[in-house]
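Participant: Input upload-v8.txt, format and content: compact mmCIF, C-alpha atoms and all ligand atoms.
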# COMPACT_ATOMS: atom_id res chain seq x y z
CA MET A 202 -4.93 179.02 101.57
CA LEU A 203 -2.61 176.80 99.55
CA ALA A 204 -1.91 174.34 102.35
CA GLY A 205 -4.12 171.30 101.94
CA SER A 206 -5.75 172.59 98.77
CA GLU A 207 -6.39 170.10 95.98
CA LEU A 208 -5.11 171.59 92.71
CA ILE A 209 -4.86 170.47 89.10
CA LEU A 210 -1.90 171.80 87.13
CA GLY A 211 -2.51 171.59 83.39
CA VAL A 212 0.63 171.82 81.28
CA THR A 213 0.39 172.48 77.54
CA GLY A 214 2.92 172.43 74.71
CA SER A 215 5.12 175.45 75.13
CA ILE A 216 8.84 175.81 75.78
CA ALA A 217 7.75 177.48 79.04
CA ALA A 218 6.60 174.03 80.25
CA TYR A 219 9.90 173.67 82.12
CA LYS A 220 8.96 176.72 84.22
CA ALA A 221 5.81 174.89 85.31
CA ALA A 222 8.11 172.41 87.05
CA TYR A 223 9.31 175.26 89.31
CA LEU A 224 5.71 176.34 89.84
CA LEU A 225 4.80 172.79 90.82
CA ARG A 226 7.66 172.64 93.28
CA GLU A 227 6.56 175.90 94.92
CA LEU A 228 2.91 174.77 95.08
CA ARG A 229 4.01 171.57 96.81
CA ARG A 230 6.27 173.52 99.20
CA ALA A 231 3.26 175.63 100.14
CA GLY A 232 1.40 172.45 101.07
CA ALA A 233 -0.88 172.08 98.03
CA LEU A 234 -1.76 168.63 96.70
CA VAL A 235 -1.26 168.76 92.96
CA THR A 236 -2.33 166.45 90.14
CA VAL A 237 -0.58 167.23 86.87
CA VAL A 238 -2.46 166.87 83.60
CA THR A 239 -0.39 167.23 80.43
CA THR A 240 -1.28 167.50 76.77
CA ALA A 241 0.45 165.33 74.17
CA HIS A 242 2.49 168.33 73.00
CA ALA A 243 3.56 169.21 76.56
CA GLU A 244 5.15 165.75 76.88
CA ARG A 245 7.46 166.65 73.99
CA PHE A 246 8.94 169.43 76.14
CA VAL A 247 8.99 167.87 79.64
CA GLY A 248 8.48 164.17 80.35
CA ALA A 249 6.06 162.49 82.74
CA LEU A 250 8.85 161.42 85.09
CA THR A 251 9.53 165.04 86.04
CA TRP A 252 5.88 165.71 86.87
CA ARG A 253 5.43 162.46 88.73
CA THR A 254 8.56 163.01 90.82
CA LEU A 255 7.67 166.59 91.71
CA SER A 256 3.97 166.00 92.36
CA GLY A 257 4.26 162.56 93.98
CA ARG A 258 1.22 161.51 91.95
CA PRO A 259 0.57 159.79 88.60
CA VAL A 260 0.49 162.15 85.64
CA LEU A 261 -2.68 162.20 83.55
CA SER A 262 -2.79 162.84 79.85
CA ASP A 263 -4.65 160.05 78.09
CA LEU A 264 -8.44 160.11 78.24
CA PHE A 265 -8.53 156.44 77.30
CA ASP A 266 -5.57 155.03 79.24
CA PRO A 267 -6.79 151.57 80.41
CA ARG A 268 -4.14 151.50 83.19
CA SER A 269 -5.33 154.66 84.82
CA GLU A 270 -8.37 154.71 87.10
CA GLU A 271 -8.41 158.47 86.89
CA ALA A 272 -8.48 158.44 83.10
CA VAL A 273 -12.18 157.70 83.08
CA GLU A 274 -12.75 159.96 86.02
CA HIS A 275 -11.99 163.39 84.66
CA VAL A 276 -15.35 164.57 85.99
CA ALA A 277 -14.68 163.26 89.51
CA LEU A 278 -11.19 164.78 89.41
CA ALA A 279 -12.60 168.13 88.30
CA GLU A 280 -15.18 167.99 91.10
CA ARG A 281 -12.53 167.28 93.76
CA ALA A 282 -10.28 170.16 92.72
CA HIS A 283 -10.32 173.53 94.46
CA ALA A 284 -8.77 175.15 91.40
CA VAL A 285 -7.37 174.31 87.98
CA ILE A 286 -4.23 176.13 86.85
CA VAL A 287 -3.13 175.87 83.24
CA ALA A 288 0.51 176.98 82.99
CA PRO A 289 1.76 177.47 80.39
CA ALA A 290 -1.48 177.96 78.49
CA THR A 291 -0.95 177.99 74.73
CA ALA A 292 -3.13 179.87 72.24
CA ASN A 293 -4.51 176.44 71.34
CA ILE A 294 -5.79 175.57 74.84
CA LEU A 295 -7.27 179.09 75.22
CA ALA A 296 -9.14 178.57 71.95
CA LYS A 297 -10.32 175.09 72.91
CA ALA A 298 -11.52 176.23 76.34
CA ALA A 299 -13.27 179.28 74.87
CA HIS A 300 -15.14 177.11 72.37
CA GLY A 301 -15.83 174.20 74.70
CA LEU A 302 -13.81 171.64 72.73
CA ALA A 303 -13.01 168.44 74.60
CA ASP A 304 -10.64 166.24 72.60
CA ASP A 305 -8.07 165.30 75.23
CA PHE A 306 -7.85 164.91 79.00
CA LEU A 307 -7.07 168.55 79.81
CA SER A 308 -9.70 170.15 77.57
CA THR A 309 -12.33 167.64 78.76
CA LEU A 310 -11.44 168.36 82.36
CA LEU A 311 -11.72 172.12 81.74
CA LEU A 312 -15.22 171.59 80.40
CA ALA A 313 -16.17 169.53 83.45
CA ALA A 314 -14.57 171.86 86.02
CA ARG A 315 -16.84 174.06 88.15
CA CYS A 316 -14.05 175.33 90.41
CA PRO A 317 -12.04 178.51 89.73
CA VAL A 318 -9.76 178.25 86.68
CA LEU A 319 -6.52 180.18 86.16
CA MET A 320 -4.96 180.36 82.69
CA VAL A 321 -1.35 181.51 82.51
CA PRO A 322 -0.61 182.18 78.84
CA ALA A 323 2.78 181.81 77.22
CA MET A 324 3.23 182.14 73.48
CA ASP A 325 4.78 184.18 70.72
CA GLY A 326 3.87 187.89 70.83
CA GLY A 327 2.10 187.76 67.48
CA MET A 328 -0.09 184.89 68.64
CA TRP A 329 -0.98 186.68 71.89
CA SER A 330 -1.98 189.87 70.06
CA HIS A 331 -3.89 188.03 67.31
CA PRO A 332 -7.59 189.03 67.28
CA ALA A 333 -8.60 185.37 67.60
CA THR A 334 -6.63 184.98 70.83
CA SER A 335 -7.94 188.32 72.15
CA ALA A 336 -11.51 187.19 71.46
CA ASN A 337 -10.91 183.83 73.15
CA VAL A 338 -9.39 185.51 76.21
CA ALA A 339 -12.36 187.92 76.38
CA THR A 340 -14.81 184.99 76.18
CA LEU A 341 -13.03 183.12 78.96
CA ARG A 342 -12.85 186.19 81.20
CA ALA A 343 -16.55 186.89 80.65
CA ARG A 344 -17.21 183.35 81.89
CA GLY A 345 -15.27 184.00 85.07
CA VAL A 346 -11.98 182.35 84.11
CA THR A 347 -8.92 184.26 85.35
CA VAL A 348 -6.50 184.79 82.47
CA LEU A 349 -3.20 186.38 83.52
CA GLU A 350 -1.46 188.85 81.22
CA PRO A 351 1.80 187.42 79.90
CA ASP A 352 5.05 189.22 80.72
CA SER A 353 6.97 191.18 78.12
CA GLY A 354 10.57 190.47 77.21
CA GLU A 355 12.67 188.13 75.16
CA LEU A 356 10.65 185.28 73.67
CA ALA A 357 11.67 181.78 72.61
CA SER A 358 11.48 182.89 68.98
CA GLY A 359 14.35 185.30 69.66
CA LEU A 360 12.03 188.26 69.21
CA ALA A 361 11.01 190.56 72.03
CA GLY A 362 7.37 191.16 72.91
CA LYS A 363 4.49 190.23 75.17
CA GLY A 364 4.08 186.49 75.60
CA ARG A 365 6.44 185.27 78.33
CA LEU A 366 5.10 183.13 81.14
CA PRO A 367 4.77 185.37 84.21
CA GLU A 368 7.24 184.76 87.06
CA VAL A 369 6.43 181.87 89.38
CA ASP A 370 5.82 184.28 92.31
CA SER A 371 3.17 186.17 90.30
CA ILE A 372 1.46 182.89 89.42
CA LEU A 373 1.52 181.79 93.08
CA GLU A 374 -0.05 185.10 94.10
CA ALA A 375 -2.78 184.63 91.49
CA VAL A 376 -3.46 181.11 92.78
CA GLU A 377 -3.71 182.47 96.35
CA ARG A 378 -6.19 185.12 95.17
CA LEU A 379 -8.17 182.47 93.33
CA LEU A 380 -8.49 180.38 96.48
CA THR A 381 -9.30 183.29 98.78
CA PRO A 382 -13.04 183.85 98.70
CA VAL A 383 -14.19 187.43 98.16
CA ARG A 384 -16.36 188.39 101.15
CA ASP A 385 -17.78 191.63 99.74
CA LEU A 386 -21.34 190.64 100.67
CA ALA A 387 -20.60 190.13 104.37
CA GLY A 388 -23.33 191.92 106.34
CA GLU A 389 -25.84 191.73 103.46
CA ARG A 390 -29.12 189.90 103.93
CA ILE A 391 -30.25 188.69 100.55
CA LEU A 392 -33.69 187.33 99.85
CA VAL A 393 -33.79 185.12 96.75
CA THR A 394 -36.83 183.44 95.23
CA ALA A 395 -36.39 180.51 92.89
CA GLY A 396 -38.20 177.85 90.93
CA PRO A 397 -41.80 177.61 89.80
CA THR A 398 -44.96 177.82 91.86
CA ARG A 399 -47.66 175.16 91.62
CA GLU A 400 -51.28 176.21 91.67
CA PRO A 401 -53.51 173.23 92.47
CA ILE A 402 -56.37 172.14 90.23
CA ASP A 403 -57.21 169.11 92.37
CA PRO A 404 -55.13 166.90 94.73
CA VAL A 405 -53.09 165.45 91.84
CA ARG A 406 -52.96 168.20 89.22
CA TYR A 407 -51.60 171.72 89.13
CA LEU A 408 -50.75 174.70 86.91
CA SER A 409 -47.02 175.43 86.75
CA ASN A 410 -44.14 176.19 84.38
CA ARG A 411 -40.74 174.89 83.30
CA SER A 412 -38.58 176.65 85.90
CA SER A 413 -35.97 174.28 87.37
CA GLY A 414 -34.82 176.67 90.09
CA LYS A 415 -31.23 176.65 88.74
CA MET A 416 -31.02 180.43 88.26
CA GLY A 417 -32.34 181.24 91.74
CA HIS A 418 -30.21 178.58 93.41
CA ALA A 419 -27.13 179.90 91.57
CA LEU A 420 -27.87 183.37 92.94
CA ALA A 421 -28.16 181.99 96.47
CA THR A 422 -24.91 180.03 96.07
CA ALA A 423 -23.01 183.02 94.66
CA ALA A 424 -24.27 185.30 97.45
CA LEU A 425 -23.38 182.78 100.18
CA ARG A 426 -19.89 182.32 98.78
CA ARG A 427 -19.38 186.08 99.01
CA GLY A 428 -20.37 186.14 102.66
CA ALA A 429 -24.05 187.15 102.54
CA GLU A 430 -26.77 185.75 104.74
CA VAL A 431 -29.26 184.25 102.32
CA VAL A 432 -32.93 183.36 102.62
CA LEU A 433 -33.89 181.17 99.67
CA ILE A 434 -37.61 180.83 99.09
CA SER A 435 -38.09 178.17 96.48
CA GLY A 436 -40.91 176.48 94.68
CA PRO A 437 -40.59 172.73 94.05
CA THR A 438 -37.32 171.74 92.36
CA SER A 439 -35.06 168.69 92.29
CA LEU A 440 -32.09 170.76 93.51
CA THR A 441 -30.34 170.45 96.86
CA PRO A 442 -30.49 173.84 98.60
CA PRO A 443 -27.04 175.41 99.04
CA SER A 444 -25.73 174.79 102.54
CA GLY A 445 -25.76 177.88 104.69
CA ALA A 446 -28.97 179.33 103.24
CA VAL A 447 -32.14 179.64 105.27
CA TYR A 448 -34.31 177.51 102.98
CA VAL A 449 -38.05 178.06 102.78
CA PRO A 450 -39.80 175.58 100.48
CA VAL A 451 -43.16 176.72 99.13
CA GLN A 452 -45.71 175.46 96.64
CA THR A 453 -48.07 178.23 95.61
CA ALA A 454 -47.70 181.91 94.73
CA GLU A 455 -49.59 182.81 97.89
CA GLU A 456 -47.19 180.78 100.03
CA MET A 457 -44.24 182.44 98.27
CA ARG A 458 -45.78 185.86 98.90
CA GLU A 459 -46.29 185.18 102.61
CA ALA A 460 -42.75 183.87 103.05
CA ALA A 461 -41.25 186.81 101.15
CA LEU A 462 -43.21 189.38 103.15
CA GLN A 463 -41.93 187.81 106.36
CA HIS A 464 -38.35 188.50 105.29
CA ILE A 465 -38.62 191.78 103.38
CA GLU A 466 -38.03 194.03 106.39
CA SER A 467 -34.63 192.60 107.18
CA ALA A 468 -33.49 192.20 103.55
CA THR A 469 -30.87 194.50 102.04
CA ILE A 470 -31.22 193.00 98.56
CA VAL A 471 -34.16 191.09 97.07
CA ILE A 472 -33.74 189.01 93.91
CA LYS A 473 -36.89 187.52 92.44
CA ALA A 474 -35.77 184.85 90.01
CA ALA A 475 -38.82 182.66 90.65
CA ALA A 476 -41.23 181.96 87.82
CA VAL A 477 -44.44 182.62 89.68
CA ALA A 478 -47.54 181.15 88.04
CA ASP A 479 -49.62 184.09 86.86
CA TYR A 480 -52.95 182.35 87.42
CA ARG A 481 -54.49 180.09 90.01
CA VAL A 482 -57.66 178.05 89.86
CA ARG A 483 -60.53 179.78 91.65
CA ASP A 484 -61.82 176.62 93.35
CA PRO A 485 -59.29 173.79 93.50
CA ARG A 486 -61.30 170.57 93.90
CA ALA A 487 -60.95 168.59 97.11
CA SER A 488 -61.00 165.27 95.25
CA LYS A 489 -59.56 164.17 91.92
CA ILE A 490 -61.53 165.40 88.90
CA LYS A 491 -62.81 162.40 86.96
CA SER A 492 -61.48 162.31 83.43
CA SER A 493 -63.98 162.24 80.60
CA LYS A 494 -63.38 161.18 77.02
CA THR A 495 -66.32 163.17 75.77
CA GLU A 496 -66.65 166.34 77.80
CA GLY A 497 -64.21 169.20 78.15
CA LEU A 498 -63.28 170.83 81.42
CA THR A 499 -63.58 174.52 82.18
CA LEU A 500 -61.45 176.01 84.94
CA GLU A 501 -61.93 179.54 86.16
CA LEU A 502 -58.56 181.21 86.65
CA LEU A 503 -57.75 184.20 88.81
CA PRO A 504 -54.53 186.19 88.78
CA THR A 505 -52.01 185.39 91.49
CA PRO A 506 -50.67 188.25 93.64
CA ASP A 507 -47.85 190.26 92.04
CA ILE A 508 -45.27 189.48 94.72
CA LEU A 509 -42.47 191.50 93.16
CA LYS A 510 -44.57 194.64 92.94
CA GLU A 511 -45.69 194.24 96.54
CA LEU A 512 -42.12 193.67 97.74
CA ALA A 513 -40.98 196.79 95.87
CA ALA A 514 -43.74 198.81 97.51
CA ARG A 515 -42.70 197.56 100.97
CA ARG A 516 -38.97 197.56 100.29
CA GLY A 517 -37.73 199.66 103.20
CA ARG A 518 -34.01 199.95 102.44
CA ALA A 519 -33.80 196.90 100.17
CA PHE A 520 -32.46 197.07 96.61
CA ILE A 521 -34.96 195.20 94.45
CA VAL A 522 -34.01 192.99 91.51
CA GLY A 523 -36.65 191.35 89.33
CA PHE A 524 -36.44 189.00 86.39
CA ALA A 525 -38.39 189.06 83.14
CA ALA A 526 -38.98 185.91 81.12
CA GLU A 527 -39.67 187.16 77.59
CA THR A 528 -40.13 185.50 74.23
CA ARG A 529 -39.91 188.62 72.04
CA ASP A 530 -39.10 192.35 72.28
CA VAL A 531 -36.95 191.54 75.30
CA ARG A 532 -35.66 195.08 75.81
CA ALA A 533 -38.98 196.87 75.33
CA SER A 534 -40.96 194.40 77.45
CA GLY A 535 -38.24 194.37 80.10
CA THR A 536 -38.16 198.17 80.28
CA GLU A 537 -41.92 198.23 80.74
CA LYS A 538 -41.72 195.58 83.51
CA LEU A 539 -38.94 197.49 85.28
CA ARG A 540 -41.13 200.58 85.36
CA SER A 541 -44.48 198.96 86.18
CA LYS A 542 -43.09 196.89 89.06
CA GLY A 543 -41.20 199.85 90.53
CA ILE A 544 -37.91 197.97 90.94
CA ASP A 545 -34.24 198.97 90.71
CA LEU A 546 -32.78 196.36 88.39
CA LEU A 547 -34.39 193.97 85.95
CA VAL A 548 -32.73 190.85 84.54
CA ALA A 549 -34.38 190.07 81.21
CA ASN A 550 -33.88 186.72 79.48
CA ASP A 551 -35.27 185.40 76.22
CA VAL A 552 -36.80 182.10 77.30
CA SER A 553 -37.67 181.09 73.73
CA ARG A 554 -33.98 180.50 72.97
CA GLN A 555 -32.37 177.06 73.18
CA GLY A 556 -29.68 176.57 75.81
CA ILE A 557 -30.58 179.53 78.03
CA GLY A 558 -33.45 180.53 80.31
CA PHE A 559 -35.62 177.71 81.67
CA GLU A 560 -33.91 174.47 82.79
CA SER A 561 -30.53 175.09 81.14
CA ASP A 562 -27.19 175.48 82.93
CA ASP A 563 -26.44 178.71 81.03
CA ASN A 564 -28.18 182.02 80.73
CA GLU A 565 -27.74 185.14 78.63
CA VAL A 566 -29.33 188.21 80.10
CA LEU A 567 -29.88 191.92 79.61
CA LEU A 568 -29.55 194.05 82.75
CA LEU A 569 -31.82 197.09 82.73
CA ASP A 570 -31.79 199.53 85.61
CA ARG A 571 -34.11 202.29 86.65
CA TRP A 572 -31.49 204.93 85.92
CA GLY A 573 -31.51 204.05 82.21
CA GLY A 574 -28.52 201.69 82.13
CA ALA A 575 -28.59 198.62 79.89
CA ILE A 576 -25.89 195.94 79.87
CA GLU A 577 -25.94 192.83 77.72
CA LEU A 578 -24.08 189.93 79.28
CA PRO A 579 -22.76 187.14 77.07
CA ARG A 580 -23.99 183.59 77.52
CA MET A 581 -22.45 182.20 80.69
CA ARG A 582 -23.01 179.56 83.37
CA LYS A 583 -25.84 180.56 85.66
CA LEU A 584 -23.36 180.86 88.55
CA ALA A 585 -21.33 183.40 86.57
CA VAL A 586 -24.52 185.26 85.58
CA ALA A 587 -25.47 185.31 89.26
CA GLY A 588 -22.11 186.84 90.17
CA ALA A 589 -22.53 189.53 87.51
CA ILE A 590 -26.05 190.38 88.75
CA LEU A 591 -24.74 190.75 92.31
CA ASP A 592 -21.86 192.94 91.06
CA ARG A 593 -24.28 195.16 89.18
CA ALA A 594 -26.68 195.48 92.11
CA LEU A 595 -23.82 196.51 94.41
CA ALA A 596 -22.41 199.01 91.88
CA LEU A 597 -25.81 200.62 91.25
CA ARG A 598 -26.66 200.83 94.93
CA ALA A 599 -23.28 202.38 95.75
CA ALA A 600 -23.62 204.90 92.92
CA ALA A 601 -27.16 205.78 94.02
CA ALA A 602 -25.99 206.31 97.60
CA ALA A 603 -23.12 208.54 96.42
CA SER A 604 -25.26 210.62 94.08
CA PRO A 605 -26.93 213.80 95.35
CA ASP A 606 -29.56 213.40 92.63
CA PRO A 607 -31.52 210.16 93.18
CA ALA A 608 -32.65 210.15 89.55
CA ALA A 609 -29.14 210.57 88.15
CA PRO A 610 -27.98 207.83 85.80
CA HIS A 611 -25.25 205.54 86.98
CA PRO A 612 -21.90 205.86 85.34
CA ARG A 613 -20.48 202.55 86.45
CA PRO A 614 -20.56 199.84 83.81
CA LEU A 615 -19.58 196.26 84.58
CA PRO A 616 -15.88 195.59 84.18
O1 LIG B 701 -35.44 178.26 87.09
P1 LIG B 701 -34.61 178.11 85.82
O2 LIG B 701 -34.94 176.83 85.06
O3 LIG B 701 -33.13 178.26 86.10
O4 LIG B 701 -35.00 179.27 84.82
C1 LIG B 701 -34.69 180.59 85.12
C2 LIG B 701 -35.85 181.53 84.80
C3 LIG B 701 -36.11 181.52 83.31
C4 LIG B 701 -37.11 181.09 85.57
C5 LIG B 701 -35.40 182.96 85.29
O5 LIG B 701 -34.26 183.33 84.59
C6 LIG B 701 -36.51 183.97 85.08
O6 LIG B 701 -36.66 184.56 84.02
N1 LIG B 701 -37.34 184.20 86.14
C7 LIG B 701 -38.55 185.04 86.07
C8 LIG B 701 -39.66 184.28 85.44
C9 LIG B 701 -40.96 185.09 85.41
O7 LIG B 701 -41.87 184.75 86.10
O8 LIG B 701 -40.94 186.17 84.65
P2 LIG B 701 -42.18 187.18 84.47
O9 LIG B 701 -41.73 188.07 83.37
O10 LIG B 701 -43.44 186.40 84.31
O11 LIG B 701 -42.25 187.94 85.86
C10 LIG B 701 -41.54 189.14 86.08
C11 LIG B 701 -41.09 189.24 87.53
O12 LIG B 701 -42.25 189.31 88.38
C12 LIG B 701 -40.28 188.06 88.02
O13 LIG B 701 -39.27 188.54 88.88
C13 LIG B 701 -41.29 187.23 88.82
O14 LIG B 701 -40.67 186.52 89.89
C14 LIG B 701 -42.24 188.29 89.34
N2 LIG B 701 -43.62 187.85 89.54
C15 LIG B 701 -44.37 187.43 88.48
C16 LIG B 701 -45.69 187.07 88.68
C17 LIG B 701 -46.24 187.16 89.98
N3 LIG B 701 -47.50 186.82 90.21
N4 LIG B 701 -45.48 187.59 90.99
C18 LIG B 701 -44.19 187.94 90.80
O15 LIG B 701 -43.50 188.32 91.75
Represent the structure of the file as structure tokens.
Facilitator:
Amino acid sequence: MLAGSELILGVTGSIAAYKAAYLLRELRRAGALVTVVTTAHAERFVGALTWRTLSGRPVLSDLFDPRSEEAVEHVALAERAHAVIVAPATANILAKAAHGLADDFLSTLLLAARCPVLMVPAMDGGMWSHPATSANVATLRARGVTVLEPDSGELASGLAGKGRLPEVDSILEAVERLLTPVRDLAGERILVTAGPTREPIDPVRYLSNRSSGKMGHALATAALRRGAEVVLISGPTSLTPPSGAVYVPVQTAEEMREAALQHIESATIVIKAAAVADYRVRDPRASKIKSSKTEGLTLELLPTPDILKELAARRGRAFIVGFAAETRDVRASGTEKLRSKGIDLLVANDVSRQGIGFESDDNEVLLLDRWGGAIELPRMRKLAVAGAILDRALALRAAAAASPDPAAPHPRPLP
């Protein structure tokens, strides 16, 4: 996997920076193309000449270096990379990454990166075991960043403890794992719905909602990456459908229903992230309604079909996941929706909160299952939320299959 891969090696200010030179050499020997990004403190330990000689590429460190084309292109660089490895990673870079700080090239690049990220900590034992560092590591891991455990032994301070940079071979193995896609959904056929529906009022107007489709598209992307066959039924969005998905664009709730029913029989998992309009206009007009400055307009609305409930009733062998967009009493309303729709897992989000739910890149959700389990996930990128939802669906389904009592609660929490 390493041969031909485009990697970024971030080096931060630790005495273990010299070991990163050996790591770089081994990455290059394995055929990886590596761009080194250093922090100002890292340069005090190992100079740019070493990195440039070993990588065969310019070394990046200054966000505002007028000589460097790449300096203004940290986003493009992050997009090109298959993985970012930060070795050694100090307590400082872990804290900056956990809190989203971007005050130099490396931290800015970490914020822009959407590829897998591996942090390889090296620091004094007391710093590693400090509650602040533990909390930062937990935050990063919850977001999907791989943070290796440091080795134990003699430290630069002369003390012994946990904080040494792991051996180069262990780091190489971790990089290999990072680049090897998990294919645990091979053989699954996953039906995902995404985006809003539009219920016409007349040829130019419609009833709809704020859904951007990001959550549903993230689910489709995450499932495809893990080897599933994916049918993505989506209302109108500005997103490009993930390549590899069977993409079914729809406009109205009725169109979404028809498309979903066509695929329900072959689906093994259904995930209904779409924000279906709850009402449609009884008689959409054939021509544009004239606007009037003096008279109001009365539209008669009828409920749209409850697609999720119908899919659950016709599920066959499919595991059914629904979403709930709530603005208050998220747990109580979600629990009621889980029950009334007859589904297996419900993903509840509070759409009144800034930065999550509709349109945002992040979400923070509560996973409620029909066996009584409830798991609160921290705020994460929608792609990471999608991965966690898929993990939970697989764990619950496996536990249900293994249990002699179909009503038995599921013991398996998320890792
Ligand atoms: O698209 P984004 O901008 O990324 O935003 C994501 C999201 C907020 C849309 C998503 O996280 C979400 O909450 N989706 C569900 C929105 C919703 O319609 O919630 P609801 O509580 O009204 O519906 C509950 C469930 O029933 C949903 O799975 C919905 O798809 C389904 N439903 C609702 C009405 C209907 N007529 N048919 C349905 O199938």
Participant: Where's the centre, and what are the edge lengths in Å to one decimal, of a box along x, y and z enclosing all listed atoms of ligand LIG 701 (chain B) padded 8 Å per side, as AutoDock Vina command-line options?
Facilitator:
--center_x -40.3 --center_y 183.1 --center_z 87.5 --size_x 30.4 --size_y 28.5 --size_z 24.4
Participant: Which distance in Å separates atom CA of A:Leu578 and atom CA of A:Asn564, to one decimal?
Facilitator: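 Interatomic distance, atom CA of A:Leu578 to atom CA of A:Asn564: 9.0 Å.
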Participant: Could you please extract the residues within 7 Å of ligand LIG 701 (chain B), counting all atoms listed in the file, and hand them back as a PyMOL selection string?
Facilitator: chain A and resi 395-397+411-417+454+473-479+505-510+523-527+538+549-550+552+558-561
Participant: Please list as a list in words every residue within 12 Å of A:Asp304, counting only C-alpha atoms and excluding residues in the same chain fewer than 3 positions away.
Facilitator: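 Using only C-alpha atoms, the neighbours found are Thr240, Ala241, Ser262, Asp263, Leu264, Phe265, Asn293, Ile294, Lys297, Ala298, His300, Gly301, Leu307, Ser308, Thr309, Leu310, Leu311 and Leu312 of chain A.
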Participant: Could you give me, as a list in words, the residues that have an atom at most 12 Å away from the point (-55.6, 182.2, 89.3) in the coordinates of the file, using all atoms listed in the file?
Facilitator: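 In the file's frame, the residues around the point are Thr398, Arg399, Glu400, Pro401, Ile402, Tyr407, Leu408, Ser409, Thr453, Ala454, Glu455, Val477, Ala478, Asp479, Tyr480, Arg481, Val482, Arg483, Asp484, Pro485, Leu500, Glu501, Leu502, Leu503, Pro504, Thr505, Pro506 and Asp507 of chain A.
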